[in-house]
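Q: Got a structure for you, target_18.cif, holding mmCIF, C-alpha atoms.
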data_structure
loop_
_atom_site.label_atom_id
_atom_site.label_comp_id
_atom_site.auth_asym_id
_atom_site.auth_seq_id
_atom_site.Cartn_x
_atom_site.Cartn_y
_atom_site.Cartn_z
CA MET H 179 -21.16 16.98 72.71
CA LYS H 180 -22.91 14.37 74.83
CA ILE H 181 -20.97 11.52 76.41
CA VAL H 182 -22.78 8.52 77.88
CA MET H 183 -21.01 5.94 80.02
CA LEU H 184 -22.61 2.52 80.32
CA ASP H 185 -21.47 -0.24 82.72
CA ARG H 186 -20.22 2.45 85.14
CA ASN H 187 -19.98 -0.13 87.91
CA SER H 188 -17.52 -2.19 85.85
CA ILE H 189 -14.83 0.37 86.60
CA GLY H 190 -15.87 0.86 90.24
CA MET H 191 -17.87 3.67 91.78
CA ASP H 192 -14.79 4.75 93.77
CA ILE H 193 -13.00 5.96 90.62
CA ASP H 194 -13.55 9.58 89.58
CA THR H 195 -15.18 10.12 86.17
CA SER H 196 -16.13 13.78 86.53
CA MET H 197 -13.45 14.85 84.02
CA PHE H 198 -15.66 13.71 81.12
CA GLY H 199 -17.93 16.67 81.87
CA LYS H 200 -15.22 18.93 80.43
CA PHE H 201 -16.28 17.87 76.94
CA GLY H 202 -19.94 18.77 77.39
CA GLU H 203 -22.92 16.90 78.78
CA TYR H 204 -21.94 13.75 80.66
CA GLU H 205 -24.30 10.98 81.74
CA GLU H 206 -23.46 7.67 83.40
CA HIS H 207 -25.33 4.48 84.28
CA GLU H 208 -24.14 1.94 86.84
CA THR H 209 -25.49 -1.15 85.09
CA THR H 210 -27.43 -1.56 81.88
CA THR H 211 -29.40 -4.09 79.90
CA LEU H 212 -29.26 -4.18 76.11
CA GLU H 213 -32.68 -2.56 75.84
CA LYS H 214 -31.77 0.20 78.27
CA SER H 215 -28.45 0.76 76.54
CA ARG H 216 -30.19 1.39 73.24
CA TYR H 217 -32.34 4.02 74.92
CA PHE H 218 -29.52 5.65 76.90
CA ILE H 219 -27.30 6.25 73.84
CA GLN H 220 -29.97 7.49 71.43
CA ASP H 221 -28.67 11.06 71.51
CA ALA H 222 -25.04 10.33 72.48
CA ASP H 223 -22.01 11.49 70.48
CA VAL H 224 -19.55 9.34 72.45
CA VAL H 225 -20.26 6.07 74.24
CA ILE H 226 -17.99 4.72 76.98
CA PHE H 227 -18.62 1.06 77.76
CA ASN H 228 -17.11 -2.24 78.77
CA LYS H 229 -19.24 -5.37 78.36
CA THR H 230 -22.23 -3.98 76.44
CA ARG H 231 -22.31 -5.38 72.92
CA MET H 232 -21.98 -2.66 70.33
CA ASN H 233 -23.59 -3.88 67.12
CA GLU H 234 -26.38 -2.84 64.78
CA GLU H 235 -29.06 -3.82 67.27
CA THR H 236 -27.57 -1.57 69.94
CA LEU H 237 -26.52 1.32 67.68
CA LYS H 238 -29.20 1.51 64.97
CA ASP H 239 -31.17 4.27 66.73
CA ALA H 240 -28.07 6.12 67.97
CA LYS H 241 -27.69 8.35 64.93
CA ASN H 242 -25.28 10.81 66.54
CA VAL H 243 -22.64 8.36 67.76
CA LYS H 244 -19.22 9.25 66.39
CA LEU H 245 -16.89 7.47 68.82
CA LEU H 246 -17.01 4.27 70.85
CA CYS H 247 -14.58 4.09 73.78
CA VAL H 248 -14.19 0.61 75.22
CA THR H 249 -12.69 0.56 78.71
CA ALA H 250 -10.54 -2.46 77.87
CA THR H 251 -7.91 -3.66 75.43
CA GLY H 252 -10.09 -6.29 73.78
CA TYR H 253 -12.86 -5.31 71.39
CA ASP H 254 -14.50 -8.64 70.52
CA ASN H 255 -17.87 -7.29 71.72
CA ILE H 256 -17.85 -4.62 68.98
CA ASP H 257 -19.17 -5.20 65.46
CA LEU H 258 -16.29 -3.49 63.68
CA PRO H 259 -17.63 -3.95 60.11
CA TYR H 260 -20.89 -2.30 61.14
CA CYS H 261 -19.02 0.59 62.77
CA LYS H 262 -17.06 1.04 59.55
CA THR H 263 -20.25 1.33 57.51
CA ARG H 264 -21.51 3.99 59.91
CA GLY H 265 -18.21 5.86 60.08
CA ILE H 266 -18.04 5.33 63.83
CA ALA H 267 -14.52 5.49 65.27
CA VAL H 268 -13.50 2.89 67.87
CA ALA H 269 -10.82 3.44 70.51
CA ASN H 270 -9.52 0.95 73.08
CA ILE H 271 -6.99 1.32 75.90
CA ARG H 272 -3.69 -0.48 76.29
CA ASP H 273 -1.21 -1.41 79.00
CA TYR H 274 -3.17 0.29 81.78
CA SER H 275 -3.30 -2.82 83.97
CA THR H 276 0.08 -4.44 83.33
CA PRO H 277 1.62 -3.79 86.80
CA ALA H 278 -1.53 -5.03 88.55
CA VAL H 279 -1.77 -8.24 86.53
CA VAL H 280 1.94 -8.99 86.96
CA GLN H 281 1.59 -8.52 90.70
CA HIS H 282 -1.52 -10.72 90.92
CA THR H 283 0.20 -13.45 88.92
CA PHE H 284 2.72 -13.86 91.73
CA ALA H 285 0.08 -13.49 94.44
CA LEU H 286 -1.76 -16.51 92.99
CA ALA H 287 1.38 -18.55 92.41
CA LEU H 288 2.81 -17.93 95.88
CA TYR H 289 -0.51 -18.62 97.59
CA VAL H 290 -0.46 -22.14 96.15
CA LEU H 291 3.29 -22.72 96.27
CA GLU H 292 3.66 -21.74 99.93
CA ARG H 293 0.46 -23.48 101.08
CA LEU H 294 -0.68 -20.20 102.59
CA SER H 295 -4.31 -21.28 102.99
CA TYR H 296 -3.21 -24.16 105.23
CA TYR H 297 -0.92 -22.08 107.41
CA ASP H 298 -3.42 -19.23 107.69
CA GLU H 299 -6.07 -21.64 108.94
CA TYR H 300 -3.53 -23.40 111.20
CA VAL H 301 -2.87 -20.18 113.08
CA LYS H 302 -6.48 -18.94 113.14
CA SER H 303 -7.79 -22.30 114.36
CA GLY H 304 -5.67 -22.04 117.50
CA GLU H 305 -3.47 -25.00 116.61
CA TYR H 306 -0.37 -22.83 116.49
CA SER H 307 -0.98 -21.62 120.04
CA ASN H 308 -1.25 -25.22 121.20
CA GLN H 309 1.99 -26.51 119.68
CA LEU H 310 5.29 -26.73 121.55
CA GLY H 311 7.79 -25.53 118.96
CA PHE H 312 8.06 -22.05 117.44
CA SER H 313 7.73 -23.21 113.82
CA ASN H 314 5.58 -25.52 111.76
CA PHE H 315 6.32 -27.09 108.42
CA ASP H 316 3.73 -29.83 108.10
CA GLU H 317 3.04 -28.62 104.57
CA LYS H 318 6.24 -28.50 102.52
CA TYR H 319 6.96 -25.63 100.20
CA PHE H 320 9.85 -24.90 97.88
CA GLU H 321 11.77 -21.85 96.74
CA LEU H 322 11.25 -20.23 93.37
CA ALA H 323 15.00 -19.79 93.01
CA GLY H 324 16.36 -22.37 90.61
CA LYS H 325 12.93 -23.29 89.23
CA THR H 326 11.77 -22.89 85.63
CA TRP H 327 8.97 -20.41 85.00
CA GLY H 328 7.16 -21.04 81.73
CA ILE H 329 5.21 -18.21 80.11
CA ILE H 330 2.50 -18.58 77.48
CA GLY H 331 2.27 -15.25 75.68
CA LEU H 332 5.24 -12.88 75.89
CA GLY H 333 3.44 -9.57 75.45
CA ASN H 334 3.79 -6.68 77.88
CA ILE H 335 2.34 -8.63 80.81
CA GLY H 336 4.32 -11.76 79.96
CA ARG H 337 7.56 -9.77 79.82
CA GLY H 338 6.70 -8.12 83.13
CA VAL H 339 6.19 -11.52 84.72
CA ALA H 340 9.46 -12.74 83.20
CA LYS H 341 11.43 -9.90 84.84
CA VAL H 342 9.94 -10.59 88.28
CA ALA H 343 10.47 -14.33 87.89
CA GLU H 344 14.12 -13.67 87.07
CA ALA H 345 14.38 -11.51 90.20
CA PHE H 346 13.20 -14.54 92.19
CA GLY H 347 15.98 -16.57 90.59
CA CYS H 348 13.90 -18.48 88.06
CA LYS H 349 14.95 -19.61 84.62
CA VAL H 350 12.38 -18.20 82.18
CA ILE H 351 11.18 -19.95 79.04
CA TYR H 352 8.23 -19.00 76.87
CA TYR H 353 5.88 -20.26 74.21
CA SER H 354 4.29 -17.88 71.72
CA ALA H 355 0.99 -19.32 70.54
CA SER H 356 0.70 -16.69 67.80
CA GLY H 357 4.38 -16.58 66.91
CA ASN H 358 4.18 -12.77 67.00
CA HIS H 359 6.26 -12.16 70.11
CA ILE H 360 9.90 -13.05 69.64
CA SER H 361 12.45 -12.30 72.35
CA THR H 362 16.20 -12.49 72.45
CA GLU H 363 16.14 -12.14 76.27
CA TYR H 364 14.36 -15.41 76.97
CA GLU H 365 14.42 -18.90 75.51
CA ALA H 366 11.59 -19.72 73.13
CA VAL H 367 10.39 -23.32 73.26
CA ASP H 368 7.64 -25.37 71.70
CA PHE H 369 4.51 -26.08 73.70
CA ASP H 370 5.42 -29.63 74.73
CA THR H 371 8.83 -28.49 75.98
CA LEU H 372 7.23 -25.72 78.02
CA LEU H 373 4.85 -28.23 79.61
CA ALA H 374 7.58 -30.73 80.40
CA GLN H 375 10.18 -28.32 81.81
CA SER H 376 8.17 -25.71 83.71
CA ASP H 377 7.67 -25.70 87.46
CA ILE H 378 5.24 -22.82 87.11
CA ILE H 379 3.26 -21.99 83.97
CA SER H 380 1.52 -18.63 83.72
CA ILE H 381 -0.83 -17.71 80.87
CA HIS H 382 -0.80 -14.20 79.38
CA CYS H 383 -1.91 -14.73 75.78
CA PRO H 384 -5.12 -13.59 74.04
CA LEU H 385 -8.01 -15.97 73.46
CA SER H 386 -8.06 -17.22 69.87
CA ASP H 387 -8.82 -20.38 67.93
CA ARG H 388 -5.23 -21.43 68.64
CA THR H 389 -5.44 -20.93 72.38
CA ARG H 390 -9.00 -22.01 73.21
CA ASN H 391 -8.74 -25.19 75.35
CA LEU H 392 -4.95 -25.02 74.99
CA MET H 393 -4.61 -26.28 78.54
CA ASN H 394 -6.51 -29.56 78.36
CA LEU H 395 -6.12 -33.02 79.80
CA GLU H 396 -3.44 -33.94 77.27
CA ALA H 397 -1.44 -30.87 78.29
CA PHE H 398 -1.84 -31.53 82.03
CA LYS H 399 -0.55 -35.06 81.60
CA LYS H 400 2.67 -33.64 80.12
CA MET H 401 3.31 -31.28 83.05
CA LYS H 402 5.35 -32.04 86.14
CA LYS H 403 3.30 -33.41 89.03
CA THR H 404 4.81 -30.65 91.15
CA ALA H 405 3.90 -27.88 88.69
CA VAL H 406 1.51 -24.98 89.32
CA LEU H 407 -0.66 -23.34 86.65
CA VAL H 408 -1.65 -19.66 86.77
CA ASN H 409 -4.21 -18.16 84.39
CA VAL H 410 -4.73 -14.39 84.37
CA ALA H 411 -5.52 -14.16 80.65
CA ARG H 412 -8.86 -15.57 79.43
CA GLY H 413 -10.89 -18.35 80.99
CA PRO H 414 -11.58 -20.53 77.93
CA ILE H 415 -7.83 -21.05 77.40
CA VAL H 416 -8.11 -23.61 80.22
CA ASN H 417 -10.50 -26.53 79.92
CA GLU H 418 -12.06 -26.41 83.38
CA GLU H 419 -13.39 -29.97 83.41
CA ASP H 420 -9.92 -31.22 82.51
CA LEU H 421 -8.29 -28.99 85.12
CA TYR H 422 -10.64 -30.41 87.74
CA THR H 423 -9.53 -33.91 86.75
CA ALA H 424 -5.86 -32.91 86.81
CA LEU H 425 -6.16 -31.46 90.32
CA ALA H 426 -8.38 -34.21 91.70
CA GLU H 427 -6.04 -36.90 90.40
CA ASP H 428 -2.84 -35.06 91.41
CA MET H 429 -1.56 -34.72 87.85
CA ILE H 430 -0.33 -31.25 88.84
CA ALA H 431 0.24 -29.68 92.25
CA GLY H 432 -2.10 -26.71 92.01
CA ALA H 433 -3.59 -23.82 90.10
CA GLY H 434 -4.36 -20.13 90.56
CA LEU H 435 -7.07 -18.63 88.37
CA ASP H 436 -8.40 -15.11 87.99
CA VAL H 437 -10.51 -15.87 84.92
CA LEU H 438 -13.09 -18.50 84.08
CA SER H 439 -14.92 -19.64 80.96
CA LYS H 440 -18.14 -17.98 82.19
CA GLU H 441 -18.19 -15.06 84.60
CA PRO H 442 -19.56 -14.75 87.20
CA MET H 443 -18.64 -18.35 88.01
CA GLU H 444 -21.45 -20.79 87.33
CA LYS H 445 -22.60 -22.89 90.26
CA CYS H 446 -22.14 -26.00 88.12
CA ASN H 447 -18.47 -25.22 87.36
CA PRO H 448 -16.55 -28.38 88.32
CA LEU H 449 -13.78 -26.32 89.91
CA GLY H 450 -16.24 -25.23 92.57
CA ARG H 451 -16.02 -28.75 93.99
CA ILE H 452 -12.37 -28.24 94.97
CA LYS H 453 -12.36 -26.68 98.43
CA ASP H 454 -8.70 -27.33 99.23
CA GLY H 455 -6.87 -23.99 99.04
CA ARG H 456 -3.55 -25.80 98.82
CA LYS H 457 -4.57 -26.97 95.36
CA LEU H 458 -6.66 -24.15 93.97
CA ILE H 459 -7.34 -20.47 94.41
CA ILE H 460 -9.86 -18.60 92.24
CA THR H 461 -10.22 -14.83 92.36
CA PRO H 462 -13.15 -12.99 90.72
CA HIS H 463 -11.50 -11.46 87.63
CA MET H 464 -9.80 -8.71 89.63
CA ALA H 465 -6.15 -9.05 88.66
CA TRP H 466 -6.49 -5.96 86.47
CA ALA H 467 -8.39 -3.90 89.02
CA SER H 468 -5.97 -2.15 91.34
CA VAL H 469 -7.01 1.40 92.21
CA GLU H 470 -4.10 2.68 90.13
CA ALA H 471 -5.05 0.56 87.11
CA ARG H 472 -8.69 1.60 87.18
CA THR H 473 -7.66 5.23 87.50
CA ARG H 474 -5.28 4.86 84.54
CA CYS H 475 -8.12 3.25 82.61
CA MET H 476 -10.32 6.34 82.93
CA GLU H 477 -7.40 8.66 82.21
CA GLU H 478 -6.69 6.75 78.99
CA VAL H 479 -10.32 7.00 77.91
CA TYR H 480 -10.24 10.73 78.61
CA ARG H 481 -7.12 11.13 76.44
CA ASN H 482 -8.75 9.10 73.65
CA ILE H 483 -11.76 11.43 73.63
CA GLU H 484 -9.54 14.51 73.86
CA ALA H 485 -7.53 13.33 70.85
CA PHE H 486 -10.71 12.62 68.88
CA VAL H 487 -12.04 16.12 69.60
CA LYS H 488 -8.74 17.59 68.36
CA GLY H 489 -8.86 15.48 65.20
CA GLU H 490 -5.94 13.35 66.31
CA VAL H 491 -5.69 9.57 66.08
CA ARG H 492 -4.97 7.88 69.40
CA ASN H 493 -5.58 4.21 70.21
CA ARG H 494 -7.99 4.10 67.30
CA LEU H 495 -8.66 0.80 65.60
CA ASP H 496 -8.00 0.69 61.89
CA LEU H 497 -11.42 -0.02 60.41
#
Spell out the structure here as structure tokens.
A:
Amino acid sequence: MKIVMLDRNSIGMDIDTSMFGKFGEYEEHETTTLEKSRYFIQDADVVIFNKTRMNEETLKDAKNVKLLCVTATGYDNIDLPYCKTRGIAVANIRDYSTPAVVQHTFALALYVLERLSYYDEYVKSGEYSNQLGFSNFDEKYFELAGKTWGIIGLGNIGRGVAKVAEAFGCKVIYYSASGNHISTEYEAVDFDTLLAQSDIISIHCPLSDRTRNLMNLEAFKKMKKTAVLVNVARGPIVNEEDLYTALAEDMIAGAGLDVLSKEPMEKCNPLGRIKDGRKLIITPHMAWASVEARTRCMEEVYRNIEAFVKGEVRNRLDL
């Protein structure tokens, strides 16, 4: 059996992938174009990939492909009907990055809430060495204890965030855009109530027709002026032009983003005009990417292939 991994760099060159050689011939490519991908997988039995689109154009000459292993939970870049006509199995991975994303959610929120960019620069600039007193609190910050943490999307990551927020002393409420996640542990509210009551709102739901542009100017106007928004889900859930307006006009206190509508970030993105770290922090889609999470990712792919070889169904999509 021949296994070909595309987009190798998307998982990081520091993560071991040698275990795939146990199944037979293993070949990997750091980065690929569509044209190169078509060539690389011509004689592959299994394809491991992340962002490469898997459709008829990519797969038509790959007559041996029996299994597609996406190194992610989402599979919107796969033409599932076409795979069904070809009898190609598709396997994704689940829950590998939950601890990392939960952790990063709080890193973003606390960075904005505690005005860490200001105080970091205050010390590094030498101003702290020049002051008389031992402490400085020019920029006010507030405790999480007693605040309301609103969650959009109460899946595994959302529930993980809820537990940590409770440990900080927050009241947790949630809004389920799909209506699929119902909890007896936390209070379910409608969207307007979540906007009005939350001191922090974190987004953990999938991108869908219901959630695209969910956070728009109308939504920002309904939030507290002291509220902070965190998005570690999908970029298009937040209307970036409207978020720029909300931050520039002090409709909300700040935002922490790990995802954007187009990645890498476009130079024309309006959020790039906000240089004040007290209001906005943007990280380059790395909330999922702890060393442990990326290692688990490859281990899950390995187990998916192992199960397929044994004739077992594991993380296989129902086509």
Q: Give as a list of chain:residue names the residues that the PyMOL selection byres ((chain H and resi 442) around 12) matches when applied to the coordinates above.
A: H:Gly413, H:Asp436, H:Val437, H:Leu438, H:Ser439, H:Lys440, H:Glu441, H:Met443, H:Glu444, H:Lys445, H:Cys446, H:Asn447, H:Ile460, H:Thr461, H:Pro462, H:His463, H:Met464
Q: Expanded to explicit residues, what is the PyMOL selection byres ((chain H and resi 379-396) around 9) for this file, as a PyMOL selection string?
A: chain H and resi 252+283+287+326-336+339+354-356+372-373+376-378+397-400+405-421+423-424
Q: Keeping only C-alpha atoms, write the selected residues as a PDB file, in the frame of the given file.
A:
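selection34.pdb was written with the following content:
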ATOM      1  CA  GLY H 252     -10.090  -6.290  73.780  1.00  0.00           C
ATOM      2  CA  THR H 283       0.200 -13.450  88.920  1.00  0.00           C
ATOM      3  CA  ALA H 287       1.380 -18.550  92.410  1.00  0.00           C
ATOM      4  CA  THR H 326      11.770 -22.890  85.630  1.00  0.00           C
ATOM      5  CA  TRP H 327       8.970 -20.410  85.000  1.00  0.00           C
ATOM      6  CA  GLY H 328       7.160 -21.040  81.730  1.00  0.00           C
ATOM      7  CA  ILE H 329       5.210 -18.210  80.110  1.00  0.00           C
ATOM      8  CA  ILE H 330       2.500 -18.580  77.480  1.00  0.00           C
ATOM      9  CA  GLY H 331       2.270 -15.250  75.680  1.00  0.00           C
ATOM     10  CA  LEU H 332       5.240 -12.880  75.890  1.00  0.00           C
ATOM     11  CA  GLY H 333       3.440  -9.570  75.450  1.00  0.00           C
ATOM     12  CA  ASN H 334       3.790  -6.680  77.880  1.00  0.00           C
ATOM     13  CA  ILE H 335       2.340  -8.630  80.810  1.00  0.00           C
ATOM     14  CA  GLY H 336       4.320 -11.760  79.960  1.00  0.00           C
ATOM     15  CA  VAL H 339       6.190 -11.520  84.720  1.00  0.00           C
ATOM     16  CA  SER H 354       4.290 -17.880  71.720  1.00  0.00           C
ATOM     17  CA  ALA H 355       0.990 -19.320  70.540  1.00  0.00           C
ATOM     18  CA  SER H 356       0.700 -16.690  67.800  1.00  0.00           C
ATOM     19  CA  LEU H 372       7.230 -25.720  78.020  1.00  0.00           C
ATOM     20  CA  LEU H 373       4.850 -28.230  79.610  1.00  0.00           C
ATOM     21  CA  SER H 376       8.170 -25.710  83.710  1.00  0.00           C
ATOM     22  CA  ASP H 377       7.670 -25.700  87.460  1.00  0.00           C
ATOM     23  CA  ILE H 378       5.240 -22.820  87.110  1.00  0.00           C
ATOM     24  CA  ALA H 397      -1.440 -30.870  78.290  1.00  0.00           C
ATOM     25  CA  PHE H 398      -1.840 -31.530  82.030  1.00  0.00           C
ATOM     26  CA  LYS H 399      -0.550 -35.060  81.600  1.00  0.00           C
ATOM     27  CA  LYS H 400       2.670 -33.640  80.120  1.00  0.00           C
ATOM     28  CA  ALA H 405       3.900 -27.880  88.690  1.00  0.00           C
ATOM     29  CA  VAL H 406       1.510 -24.980  89.320  1.00  0.00           C
ATOM     30  CA  LEU H 407      -0.660 -23.340  86.650  1.00  0.00           C
ATOM     31  CA  VAL H 408      -1.650 -19.660  86.770  1.00  0.00           C
ATOM     32  CA  ASN H 409      -4.210 -18.160  84.390  1.00  0.00           C
ATOM     33  CA  VAL H 410      -4.730 -14.390  84.370  1.00  0.00           C
ATOM     34  CA  ALA H 411      -5.520 -14.160  80.650  1.00  0.00           C
ATOM     35  CA  ARG H 412      -8.860 -15.570  79.430  1.00  0.00           C
ATOM     36  CA  GLY H 413     -10.890 -18.350  80.990  1.00  0.00           C
ATOM     37  CA  PRO H 414     -11.580 -20.530  77.930  1.00  0.00           C
ATOM     38  CA  ILE H 415      -7.830 -21.050  77.400  1.00  0.00           C
ATOM     39  CA  VAL H 416      -8.110 -23.610  80.220  1.00  0.00           C
ATOM     40  CA  ASN H 417     -10.500 -26.530  79.920  1.00  0.00           C
ATOM     41  CA  GLU H 418     -12.060 -26.410  83.380  1.00  0.00           C
ATOM     42  CA  GLU H 419     -13.390 -29.970  83.410  1.00  0.00           C
ATOM     43  CA  ASP H 420      -9.920 -31.220  82.510  1.00  0.00           C
ATOM     44  CA  LEU H 421      -8.290 -28.990  85.120  1.00  0.00           C
ATOM     45  CA  THR H 423      -9.530 -33.910  86.750  1.00  0.00           C
ATOM     46  CA  ALA H 424      -5.860 -32.910  86.810  1.00  0.00           C
TER      47      ALA H 424
END
Q: Please return the centre and edge lengths, in Å to one decimal, of a box with edges along x, y and z that contains all listed atoms of segment 399-406 of chain H, widened by 5 Å on every side, as lines of an AutoDock Vina configuration file.
A:
center_x = 2.4
center_y = -30.0
center_z = 85.6
size_x = 15.9
size_y = 20.1
size_z = 21.0
Q: Quick one: everything within 12 Å of Gly489 of chain H, counting only C-alpha atoms, minus sequence neighbours fewer than 5 positions away in the same chain. Send it as a VMD selection string.
A: chain H and resid 245 267 482 to 484 494
Q: Can you list, as a ChimeraX atom specification, the residues that the PyMOL selection byres ((chain H and resi 291) around 8) selects here?
A: /H:287-290,292-294,319-320,406,432,456
Q: Would you compute the distance between atom CA of Thr195 of chain H and atom CA of Ile271 of chain H? Give it in Å to one decimal.
A: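 Atom-to-atom, atom CA of Thr195 of chain H to atom CA of Ile271 of chain H, that is 15.8 Å.
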Q: I'd like the neighbourhood of Arg231 of chain H as a PDB file with C-alpha atoms, in the coordinates of the input, where a residue qualifies if any of its atoms comes within 9 Å (using all atoms listed in the file), though same-chain residues fewer than 3 positions away should be ignored.
A:
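This went into selection.pdb:
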ATOM      1  CA  LEU H 212     -29.260  -4.180  76.110  1.00  0.00           C
ATOM      2  CA  PHE H 227     -18.620   1.060  77.760  1.00  0.00           C
ATOM      3  CA  ASN H 228     -17.110  -2.240  78.770  1.00  0.00           C
ATOM      4  CA  GLU H 235     -29.060  -3.820  67.270  1.00  0.00           C
ATOM      5  CA  THR H 236     -27.570  -1.570  69.940  1.00  0.00           C
ATOM      6  CA  ASP H 254     -14.500  -8.640  70.520  1.00  0.00           C
ATOM      7  CA  ASN H 255     -17.870  -7.290  71.720  1.00  0.00           C
ATOM      8  CA  ILE H 256     -17.850  -4.620  68.980  1.00  0.00           C
ATOM      9  CA  ASP H 257     -19.170  -5.200  65.460  1.00  0.00           C
TER      10      ASP H 257
END
Q: Please list as a PDB file with C-alpha atoms, in the coordinates of the input every residue within 10 Å of Leu237 of chain H, counting only C-alpha atoms and excluding residues in the same chain fewer than 6 positions away.
A:
ATOM      1  CA  SER H 215     -28.450   0.760  76.540  1.00  0.00           C
ATOM      2  CA  ARG H 216     -30.190   1.390  73.240  1.00  0.00           C
ATOM      3  CA  TYR H 217     -32.340   4.020  74.920  1.00  0.00           C
ATOM      4  CA  ILE H 219     -27.300   6.250  73.840  1.00  0.00           C
ATOM      5  CA  GLN H 220     -29.970   7.490  71.430  1.00  0.00           C
ATOM      6  CA  ARG H 231     -22.310  -5.380  72.920  1.00  0.00           C
ATOM      7  CA  VAL H 243     -22.640   8.360  67.760  1.00  0.00           C
ATOM      8  CA  TYR H 260     -20.890  -2.300  61.140  1.00  0.00           C
ATOM      9  CA  CYS H 261     -19.020   0.590  62.770  1.00  0.00           C
ATOM     10  CA  ARG H 264     -21.510   3.990  59.910  1.00  0.00           C
TER      11      ARG H 264
END
Q: Taking (-5.8, 2.5, 61.5) in the file's coordinates, which residues come within 12 Å, counting all atoms listed in the file, written as a short mmCIF file (atom, residue, chain, number, x, y, z; two decimals) with C-alpha atoms, in the coordinates of the input?
A:
data_model
loop_
_atom_site.label_atom_id
_atom_site.label_comp_id
_atom_site.auth_asym_id
_atom_site.auth_seq_id
_atom_site.Cartn_x
_atom_site.Cartn_y
_atom_site.Cartn_z
CA LYS H 262 -17.06 1.04 59.55
CA ALA H 267 -14.52 5.49 65.27
CA VAL H 268 -13.50 2.89 67.87
CA ALA H 269 -10.82 3.44 70.51
CA GLU H 490 -5.94 13.35 66.31
CA VAL H 491 -5.69 9.57 66.08
CA ARG H 492 -4.97 7.88 69.40
CA ASN H 493 -5.58 4.21 70.21
CA ARG H 494 -7.99 4.10 67.30
CA LEU H 495 -8.66 0.80 65.60
CA ASP H 496 -8.00 0.69 61.89
CA LEU H 497 -11.42 -0.02 60.41
#
Q: From the set H:Ser295, H:Thr473, H:Ser468, H:Asn308, which residue has the shortest atom-to-atom contact distance to Ala278 of chain H, counting only C-alpha atoms?
A: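 Smallest distance to Ala278 of chain H is found for H:Ser468.
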Q: Quick one, how far is atom CA of Asp192 of chain H from atom CA of Gln281 of chain H?
A: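 Taking atom CA of Asp192 of chain H and atom CA of Gln281 of chain H, their separation equals 21.3 Å.
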Q: Hey, can you check how far atom CA of Asn314 of chain H sits from atom CA of Tyr297 of chain H?
A: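 Distance between the two atoms: 8.5 Å.
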Q: Which residue out of H:Ala366, H:Cys247, H:Gly324, H:Ser361 has the minimum interatomic distance to Phe346 of chain H when only C-alpha atoms are used?
A: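 When distances to Phe346 of chain H are compared using only C-alpha atoms, the smallest one comes from H:Gly324.
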Q: Nearest residue to Cys348 of chain H out of H:Asp370, H:Glu321, H:Asp316, H:Glu208, using all atoms listed in the file?
A: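 Ranked by minimum distance to Cys348 of chain H, first place goes to H:Glu321.
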Q: Go through H:Ala433, H:Val487, H:Phe284, H:Glu203 and flag the residue nearest Gly455 of chain H, using only C-alpha atoms for the distances.
A: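 Using only C-alpha atoms, the shortest distance to Gly455 of chain H belongs to H:Ala433.
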